[in-house]
Amino acid sequence: MQLHLTNRTPAATELGHLLHKHPARCHGVELAFGQATVFYPEASAEACTAVLAVEVDPVGLVRSEGARQGGWALGQYVNDRPYAASSFLSVAISRVFGTALNGRCTKRPELVEKPLDLEARLPVVQAPEGMLEKLFAPLGYAVESRRLPLELAFPEWGESRYHELTLRATMPLHVLLKHLFVLIPALDRDKHYWVGREEIDKLLEKGEGWLAGHPEREWIVRRYLKYQNRLTREALERLAPEPEEEDDENEEAADTGTEPAVERKISLHDIRLDRVAEAITALDPKSVIDLGCGEGRLLGRLLKGTGIPKVLGMDVSSRALEIALERLDRMPPSRREGRLELFLGSLIYRDSRLRGHDVAALVEVIEHLDPDRLESLEEVVFADAAPRTVFVTTPNREYNVLFEGMKPGALRHGDHRFEWTRAEFREWAERVAAEHGYAVSFEPLGEEHVEHGPPSQMAVFVQGN
């Protein structure tokens, strides 16, 4: 099976820097299932093509431990594995082009995010009728596909289920490779390796920034995870944006009229995190703790954009902490080593690890607690831990009427126990501040509606004022 990558941007041989494969040489890599070879049939300033050719050993696969059994008698020996793009090719992309896939280029880092005039060609790929256009066109590709004949010597036999696929787009190389890494296995109905829970993390990592908004995301996720319903449900739940984020983006898109689709509007969740990170940075604290840190997005901002010596994250979900650790481990060690600490804990129980910090953040956390447990949270955070400054954000219930399709009285997220109006949030915050020796101020988050206010709201508690 083959993947042809062509760069037609001026100084086209820069493709070799990104792939870490010199155009003047042939490169071979041993794989568990065969051999991968990279060569350049064309390498000029005007156009440079790299071919990834993967030879699969079907007999070796049958003989290997845990080989798939069943099917017709010769099915394990006579199949499309050696030539049709499949999960084997996706693994080869990861192994052979791993630095490019992950957006790294040590010698020429400025090339990583540079939009290139790219063409990707898959000579043989299996796909349901019309699915190639549905998968790749929403991502900005010009799609050309041609059904291949079942047998060249006997045209009367008709067409096969295989296509020759050519994709053209202007985008960074790592973006194109991530699209292929996810979508090729989704098109392959018979992934060659065991699909477990770790595949969800791999899918979400490579699908970050594009998969959540893809119109065929459920089809992609279900096929990528080999129709395992439990894994598919978990992946879709983690992938789905909060209702306010989705509607917020739709609303902004309507306002932009003919703005190009590639100009992605910032989500409400990003607005919250960016604003909290900005406000924390302005305080120049020595230590910050994110209470209910989830998958570590605020922690990542603080580690990357500040010099805060100590950044801690606590969450009640061990799975969320695993994801946060995996995400933050991809940062350069110099940004996190000696600064980052993650631990499991609950906001309704006193914990000595929560004490002694300059700043605490609770970003969209309180609404996930039952109302009768808020008193416990107040004691833990404001009385026992008592950081000098506390940031609390929560949805503004009044804004919900602006979300298209949202039923009256419904909450934005299935795990929300309540959502407050601006007056209810202010009443709670002012009471907590008075009882525990804090002054409190309020700030809108997101664009304010003249009647219904902002989509989200923030209270800033400052001790001793």
# chains A, B, ... in the order shown; residues from 1 in each chain; ligands from 1

$ residues_around --residues "Ile280 of chain A" --least-positions-apart "4" --cutoff "9 Å" --atoms "only C-alpha atoms" --output "PyMOL selection string"
chain A and resi 275-276+284-285+288+302+359+361+389+391

$ closest_residue --among "A:Ser86, A:Thr37, A:Asn79, A:Thr106" --to "Leu18 of chain A" --atoms "only C-alpha atoms"
A:Thr106

$ residues_around --residues "His357 of chain A" --least-positions-apart "5" --cutoff "12 Å" --atoms "only C-alpha atoms" --output "PyMOL selection string"
chain A and resi 285-291+308-313+352+381-382+384-390

$ write_last_selection --atoms "C-alpha atoms" --output "CSV table (one decimal), in the first residue's frame"
chain,number,residue,atom,x,y,z
A,285,PRO,CA,1.4,34.3,42.6
A,286,LYS,CA,3.9,31.8,43.9
A,287,SER,CA,1.4,28.9,43.8
A,288,VAL,CA,-1.9,28.3,42.0
A,289,ILE,CA,-4.3,25.3,42.4
A,290,ASP,CA,-7.0,24.5,39.9
A,291,LEU,CA,-9.8,22.8,41.8
A,308,ILE,CA,4.4,30.7,38.3
A,309,PRO,CA,6.7,28.4,40.4
A,310,LYS,CA,4.0,25.9,41.5
A,311,VAL,CA,0.9,24.9,39.5
A,312,LEU,CA,-1.4,22.2,41.0
A,313,GLY,CA,-4.5,20.5,39.8
A,352,SER,CA,-4.2,19.7,53.8
A,381,VAL,CA,-12.3,26.2,50.0
A,382,PHE,CA,-13.0,29.5,51.8
A,384,ASP,CA,-10.0,25.7,55.6
A,385,ALA,CA,-7.8,26.2,52.4
A,386,ALA,CA,-8.4,29.9,52.5
A,387,PRO,CA,-6.3,31.0,49.4
A,388,ARG,CA,-5.7,34.8,49.1
A,389,THR,CA,-7.7,34.9,45.8
A,390,VAL,CA,-10.4,32.6,44.5

$ closest_residue --among "A:Gly437, A:Gly213, A:Pro333, A:Gly338" --to "Pro138 of chain A" --atoms "only C-alpha atoms"
A:Gly213

$ select_by_dssp --residues "segment 201-405 of chain A" --states "alpha helix (DSSP H)" --output "JSON, numbers by chain"
{"A": [201, 202, 203, 204, 205, 206, 217, 218, 219, 220, 221, 222, 223, 224, 229, 230, 231, 232, 233, 234, 235, 236, 237, 238, 239, 243, 244, 245, 246, 247, 248, 249, 250, 251, 252, 253, 254, 255, 268, 269, 270, 271, 272, 273, 274, 275, 276, 277, 278, 279, 280, 281, 282, 283, 297, 298, 299, 300, 301, 302, 303, 304, 305, 318, 319, 320, 321, 322, 323, 324, 325, 326, 327, 328, 329, 333, 334, 335, 336, 374, 375, 376, 377, 378]}

$ atom_distance --atom1 "atom CA of Glu451 of chain A" --atom2 "atom CA of Asn396 of chain A"
12.2 Å

$ closest_residue --among "A:Arg95, A:Lys206, A:Arg108, A:Arg147" --to "Leu183 of chain A" --atoms "only C-alpha atoms"
A:Lys206

$ closest_residue --among "A:Glu198, A:Asp80, A:Glu237, A:Glu447" --to "Arg161 of chain A" --atoms "only C-alpha atoms"
A:Asp80

$ atom_distance --atom1 "atom CA of Ala235 of chain A" --atom2 "atom CA of Leu321 of chain A"
16.2 Å
